[in-house]
$ cat data-v2.pdb   # PDB, C-alpha atoms
ATOM      1  CA  MET A   1      -6.999  20.453  -7.430  1.00  0.00           C
ATOM      2  CA  ALA A   2      -3.485  21.742  -6.761  1.00  0.00           C
ATOM      3  CA  THR A   3      -1.364  20.706  -3.830  1.00  0.00           C
ATOM      4  CA  ARG A   4      -2.126  22.482  -0.564  1.00  0.00           C
ATOM      5  CA  ALA A   5       0.321  23.914   1.963  1.00  0.00           C
ATOM      6  CA  ILE A   6      -0.305  22.761   5.518  1.00  0.00           C
ATOM      7  CA  THR A   7       1.046  23.848   8.871  1.00  0.00           C
ATOM      8  CA  ASP A   8       1.438  22.400  12.346  1.00  0.00           C
ATOM      9  CA  ALA A   9      -1.654  24.430  13.279  1.00  0.00           C
ATOM     10  CA  ASN A  10      -3.967  23.012  10.596  1.00  0.00           C
ATOM     11  CA  PHE A  11      -2.493  19.492  10.321  1.00  0.00           C
ATOM     12  CA  GLU A  12      -5.150  17.878  12.511  1.00  0.00           C
ATOM     13  CA  ALA A  13      -8.076  19.502  10.704  1.00  0.00           C
ATOM     14  CA  ASP A  14      -6.720  19.205   7.152  1.00  0.00           C
ATOM     15  CA  VAL A  15      -5.028  15.801   7.382  1.00  0.00           C
ATOM     16  CA  LEU A  16      -6.141  13.745  10.371  1.00  0.00           C
ATOM     17  CA  LYS A  17      -9.809  14.759  10.159  1.00  0.00           C
ATOM     18  CA  ALA A  18     -10.036  14.790   6.353  1.00  0.00           C
ATOM     19  CA  ASP A  19     -12.875  12.733   4.889  1.00  0.00           C
ATOM     20  CA  HIS A  20     -10.590  11.222   2.227  1.00  0.00           C
ATOM     21  CA  PRO A  21      -6.934  10.124   2.017  1.00  0.00           C
ATOM     22  CA  VAL A  22      -4.226  12.785   2.241  1.00  0.00           C
ATOM     23  CA  LEU A  23      -0.671  12.388   0.974  1.00  0.00           C
ATOM     24  CA  VAL A  24       1.643  14.674   2.950  1.00  0.00           C
ATOM     25  CA  ASP A  25       4.903  15.645   1.277  1.00  0.00           C
ATOM     26  CA  PHE A  26       7.443  16.744   3.897  1.00  0.00           C
ATOM     27  CA  TRP A  27       9.952  18.982   2.119  1.00  0.00           C
ATOM     28  CA  ALA A  28      12.311  21.982   2.451  1.00  0.00           C
ATOM     29  CA  GLU A  29      13.284  24.869   0.187  1.00  0.00           C
ATOM     30  CA  TRP A  30      16.951  23.765   0.095  1.00  0.00           C
ATOM     31  CA  CYS A  31      16.155  20.158  -0.887  1.00  0.00           C
ATOM     32  CA  GLY A  32      16.930  19.401  -4.543  1.00  0.00           C
ATOM     33  CA  PRO A  33      14.999  16.097  -4.728  1.00  0.00           C
ATOM     34  CA  CYS A  34      12.006  17.842  -3.093  1.00  0.00           C
ATOM     35  CA  LYS A  35      11.977  20.431  -5.874  1.00  0.00           C
ATOM     36  CA  GLN A  36      12.402  17.632  -8.427  1.00  0.00           C
ATOM     37  CA  ILE A  37       9.199  15.824  -7.384  1.00  0.00           C
ATOM     38  CA  ALA A  38       7.080  18.952  -6.833  1.00  0.00           C
ATOM     39  CA  PRO A  39       5.752  19.069 -10.444  1.00  0.00           C
ATOM     40  CA  THR A  40       5.057  15.326 -10.286  1.00  0.00           C
ATOM     41  CA  LEU A  41       2.974  15.753  -7.136  1.00  0.00           C
ATOM     42  CA  GLU A  42       1.091  18.666  -8.745  1.00  0.00           C
ATOM     43  CA  ALA A  43       0.238  16.431 -11.738  1.00  0.00           C
ATOM     44  CA  ILE A  44      -0.859  13.550  -9.496  1.00  0.00           C
ATOM     45  CA  SER A  45      -2.975  15.987  -7.483  1.00  0.00           C
ATOM     46  CA  GLU A  46      -4.856  16.872 -10.675  1.00  0.00           C
ATOM     47  CA  GLU A  47      -5.209  13.243 -11.795  1.00  0.00           C
ATOM     48  CA  LEU A  48      -6.486  12.018  -8.442  1.00  0.00           C
ATOM     49  CA  SER A  49      -8.601  15.045  -7.610  1.00  0.00           C
ATOM     50  CA  GLY A  50     -11.560  13.930  -5.522  1.00  0.00           C
ATOM     51  CA  ALA A  51      -9.848  10.693  -4.478  1.00  0.00           C
ATOM     52  CA  LEU A  52      -6.775  12.169  -2.772  1.00  0.00           C
ATOM     53  CA  THR A  53      -5.481  15.475  -1.460  1.00  0.00           C
ATOM     54  CA  ILE A  54      -1.777  16.170  -1.686  1.00  0.00           C
ATOM     55  CA  ALA A  55      -0.529  18.433   1.070  1.00  0.00           C
ATOM     56  CA  LYS A  56       2.950  19.897   1.404  1.00  0.00           C
ATOM     57  CA  MET A  57       4.611  20.693   4.726  1.00  0.00           C
ATOM     58  CA  ASN A  58       7.850  22.681   4.860  1.00  0.00           C
ATOM     59  CA  ILE A  59       9.850  21.057   7.663  1.00  0.00           C
ATOM     60  CA  ASP A  60      11.875  24.229   8.312  1.00  0.00           C
ATOM     61  CA  ASP A  61       8.768  26.361   8.843  1.00  0.00           C
ATOM     62  CA  GLU A  62       6.728  23.669  10.619  1.00  0.00           C
ATOM     63  CA  PRO A  63       9.026  21.481  12.760  1.00  0.00           C
ATOM     64  CA  SER A  64       6.554  19.961  15.249  1.00  0.00           C
ATOM     65  CA  THR A  65       4.574  17.634  12.985  1.00  0.00           C
ATOM     66  CA  PRO A  66       7.606  16.179  11.139  1.00  0.00           C
ATOM     67  CA  ALA A  67       9.243  15.502  14.517  1.00  0.00           C
ATOM     68  CA  ARG A  68       6.070  13.814  15.827  1.00  0.00           C
ATOM     69  CA  TYR A  69       6.005  11.470  12.821  1.00  0.00           C
ATOM     70  CA  GLY A  70       9.741  10.768  12.850  1.00  0.00           C
ATOM     71  CA  VAL A  71      10.651  12.443   9.569  1.00  0.00           C
ATOM     72  CA  ARG A  72      14.428  12.077   9.318  1.00  0.00           C
ATOM     73  CA  GLY A  73      15.031  12.583   5.615  1.00  0.00           C
ATOM     74  CA  ILE A  74      13.298  14.465   2.853  1.00  0.00           C
ATOM     75  CA  PRO A  75      11.400  14.225   0.707  1.00  0.00           C
ATOM     76  CA  THR A  76       9.223  11.964   2.824  1.00  0.00           C
ATOM     77  CA  MET A  77       5.699  11.190   1.647  1.00  0.00           C
ATOM     78  CA  MET A  78       3.201   9.841   4.170  1.00  0.00           C
ATOM     79  CA  LEU A  79      -0.272   8.660   3.332  1.00  0.00           C
ATOM     80  CA  PHE A  80      -2.940   9.322   5.940  1.00  0.00           C
ATOM     81  CA  LYS A  81      -6.358   7.627   5.958  1.00  0.00           C
ATOM     82  CA  ASP A  82      -9.018   7.853   8.648  1.00  0.00           C
ATOM     83  CA  GLY A  83      -6.814   9.885  10.977  1.00  0.00           C
ATOM     84  CA  ARG A  84      -3.734   7.692  10.881  1.00  0.00           C
ATOM     85  CA  MET A  85      -0.584   7.282   8.839  1.00  0.00           C
ATOM     86  CA  VAL A  86      -0.908   4.090   6.802  1.00  0.00           C
ATOM     87  CA  ASP A  87       2.239   4.096   4.672  1.00  0.00           C
ATOM     88  CA  MET A  88       5.314   6.106   3.832  1.00  0.00           C
ATOM     89  CA  LYS A  89       7.875   6.553   1.048  1.00  0.00           C
ATOM     90  CA  LEU A  90      11.260   8.191   1.460  1.00  0.00           C
ATOM     91  CA  GLY A  91      13.114   9.930  -1.362  1.00  0.00           C
ATOM     92  CA  ALA A  92      12.193  11.217  -4.786  1.00  0.00           C
ATOM     93  CA  GLN A  93      10.062   8.770  -6.769  1.00  0.00           C
ATOM     94  CA  SER A  94       8.914   8.788 -10.380  1.00  0.00           C
ATOM     95  CA  LYS A  95       5.292   9.553 -11.187  1.00  0.00           C
ATOM     96  CA  GLY A  96       4.756   5.935 -12.175  1.00  0.00           C
ATOM     97  CA  LYS A  97       6.181   4.646  -8.891  1.00  0.00           C
ATOM     98  CA  ILE A  98       4.062   7.046  -6.826  1.00  0.00           C
ATOM     99  CA  LEU A  99       0.889   6.111  -8.734  1.00  0.00           C
ATOM    100  CA  GLU A 100       1.745   2.403  -8.387  1.00  0.00           C
ATOM    101  CA  TRP A 101       2.273   2.875  -4.628  1.00  0.00           C
ATOM    102  CA  LEU A 102      -1.013   4.749  -4.255  1.00  0.00           C
ATOM    103  CA  GLY A 103      -2.837   2.138  -6.348  1.00  0.00           C
ATOM    104  CA  SER A 104      -1.503  -0.616  -4.091  1.00  0.00           C
ATOM    105  CA  LEU A 105      -3.136   1.267  -1.204  1.00  0.00           C
ATOM    106  CA  GLY A 106      -6.486   1.451  -2.984  1.00  0.00           C
ATOM    107  CA  ILE A 107      -6.230   5.007  -4.292  1.00  0.00           C
ATOM    108  CA  ALA A 108      -6.989   5.486  -7.969  1.00  0.00           C
ATOM    109  CA  ALA A 109      -8.497   8.154 -10.165  1.00  0.00           C
ATOM    110  CA  LYS A 110     -12.284   8.166 -10.082  1.00  0.00           C
ATOM    111  CA  ALA A 111     -13.978   7.241 -13.338  1.00  0.00           C
ATOM    112  CA  ALA A 112     -15.415  10.224 -15.169  1.00  0.00           C
TER     113      ALA A 112
END

$ encode --input "data-v2.pdb" --output "structure tokens"
Amino acid sequence: MATRAITDANFEADVLKADHPVLVDFWAEWCGPCKQIAPTLEAISEELSGALTIAKMNIDDEPSTPARYGVRGIPTMMLFKDGRMVDMKLGAQSKGKILEWLGSLGIAAKAA
């Protein structure tokens, strides 16, 4: 499953009310590090399909939700489970570091 774009309007339904964990990547078109990690997040989305959804929110187009969650720098990745934000990472991270972080939070690829 590829990453999914989300908006202020669908954030509650697609993130807070999701029946599985959602990693939200807060980003902007002008952000170099955001563009750098985009392919990594796409790959992780495929690897963890069924266990995790990766959603992307453009902070320039959708300012309300980032402001509500205190996003001050990008890229910011927030993990939401059961309607609440459980952890956050700021800045571009390697695929290994992101997978390690997710694994420490109990999110791993489902066995085939």

$ closest_residue --input "data-v2.pdb" --among "A:Leu48, A:Ala28, A:Ile107, A:Ala2" --to "A:Asp60" --atoms "all atoms listed in the file"
A:Ala28

$ resolve_selection --input "data-v2.pdb" --expression "the PyMOL selection byres ((chain A and resi 4) around 10)" --output "CSV table (one decimal) with C-alpha atoms, in the frame of the given file"
chain,number,residue,atom,x,y,z
A,1,MET,CA,-7.0,20.5,-7.4
A,2,ALA,CA,-3.5,21.7,-6.8
A,3,THR,CA,-1.4,20.7,-3.8
A,5,ALA,CA,0.3,23.9,2.0
A,6,ILE,CA,-0.3,22.8,5.5
A,14,ASP,CA,-6.7,19.2,7.2
A,24,VAL,CA,1.6,14.7,3.0
A,25,ASP,CA,4.9,15.6,1.3
A,42,GLU,CA,1.1,18.7,-8.7
A,45,SER,CA,-3.0,16.0,-7.5
A,53,THR,CA,-5.5,15.5,-1.5
A,54,ILE,CA,-1.8,16.2,-1.7
A,55,ALA,CA,-0.5,18.4,1.1
A,56,LYS,CA,3.0,19.9,1.4
A,57,MET,CA,4.6,20.7,4.7

$ closest_residue --input "data-v2.pdb" --among "A:Met88, A:Val22, A:Ile98, A:Val71" --to "A:Leu41" --atoms "all atoms listed in the file"
A:Ile98

$ residues_around --input "data-v2.pdb" --residues "A:Arg72" --least-positions-apart "4" --cutoff "12 Å" --atoms "only C-alpha atoms" --output "PyMOL selection string"
chain A and resi 26-27+59+63+65-68+76-77+89-91

$ closest_residue --input "data-v2.pdb" --among "A:Cys34, A:Met78, A:Leu52, A:Ala18" --to "A:Gly103" --atoms "only C-alpha atoms"
A:Leu52

$ atom_distance --input "data-v2.pdb" --atom1 "atom CA of A:Asp61" --atom2 "atom CA of A:Glu29"
9.9 Å

$ atom_distance --input "data-v2.pdb" --atom1 "atom CA of A:Glu62" --atom2 "atom CA of A:Leu16"
16.3 Å

$ atom_distance --input "data-v2.pdb" --atom1 "atom CA of A:Leu105" --atom2 "atom CA of A:Ala38"
21.2 Å

$ axis_aligned_box --input "data-v2.pdb" --around "stretch 101-104 of chain A" --padding-each-side "8 Å" --output "AutoDock Vina command-line options"
--center_x -0.3 --center_y 2.1 --center_z -5.2 --size_x 21.1 --size_y 21.4 --size_z 18.3

$ resolve_selection --input "data-v2.pdb" --expression "the PyMOL selection byres ((chain A and resi 83) around 6)" --output "list of chain:residue names"
A:Leu16, A:Lys17, A:Lys81, A:Asp82, A:Arg84

$ write_last_selection --input "data-v2.pdb" --atoms "C-alpha atoms" --output "PDB file, in the coordinates of the input"
ATOM      1  CA  LEU A  16      -6.141  13.745  10.371  1.00  0.00           C
ATOM      2  CA  LYS A  17      -9.809  14.759  10.159  1.00  0.00           C
ATOM      3  CA  LYS A  81      -6.358   7.627   5.958  1.00  0.00           C
ATOM      4  CA  ASP A  82      -9.018   7.853   8.648  1.00  0.00           C
ATOM      5  CA  ARG A  84      -3.734   7.692  10.881  1.00  0.00           C
TER       6      ARG A  84
END

$ closest_residue --input "data-v2.pdb" --among "A:Ala9, A:Asn58, A:Gln36, A:Ser104" --to "A:Val86" --atoms "only C-alpha atoms"
A:Ser104

$ closest_residue --input "data-v2.pdb" --among "A:Asn10, A:Thr40, A:Ser64, A:Ser49" --to "A:Lys97" --atoms "all atoms listed in the file"
A:Thr40

$ closest_residue --input "data-v2.pdb" --among "A:Cys31, A:Asp8, A:Gly70, A:Ala43" --to "A:Gly96" --atoms "only C-alpha atoms"
A:Ala43
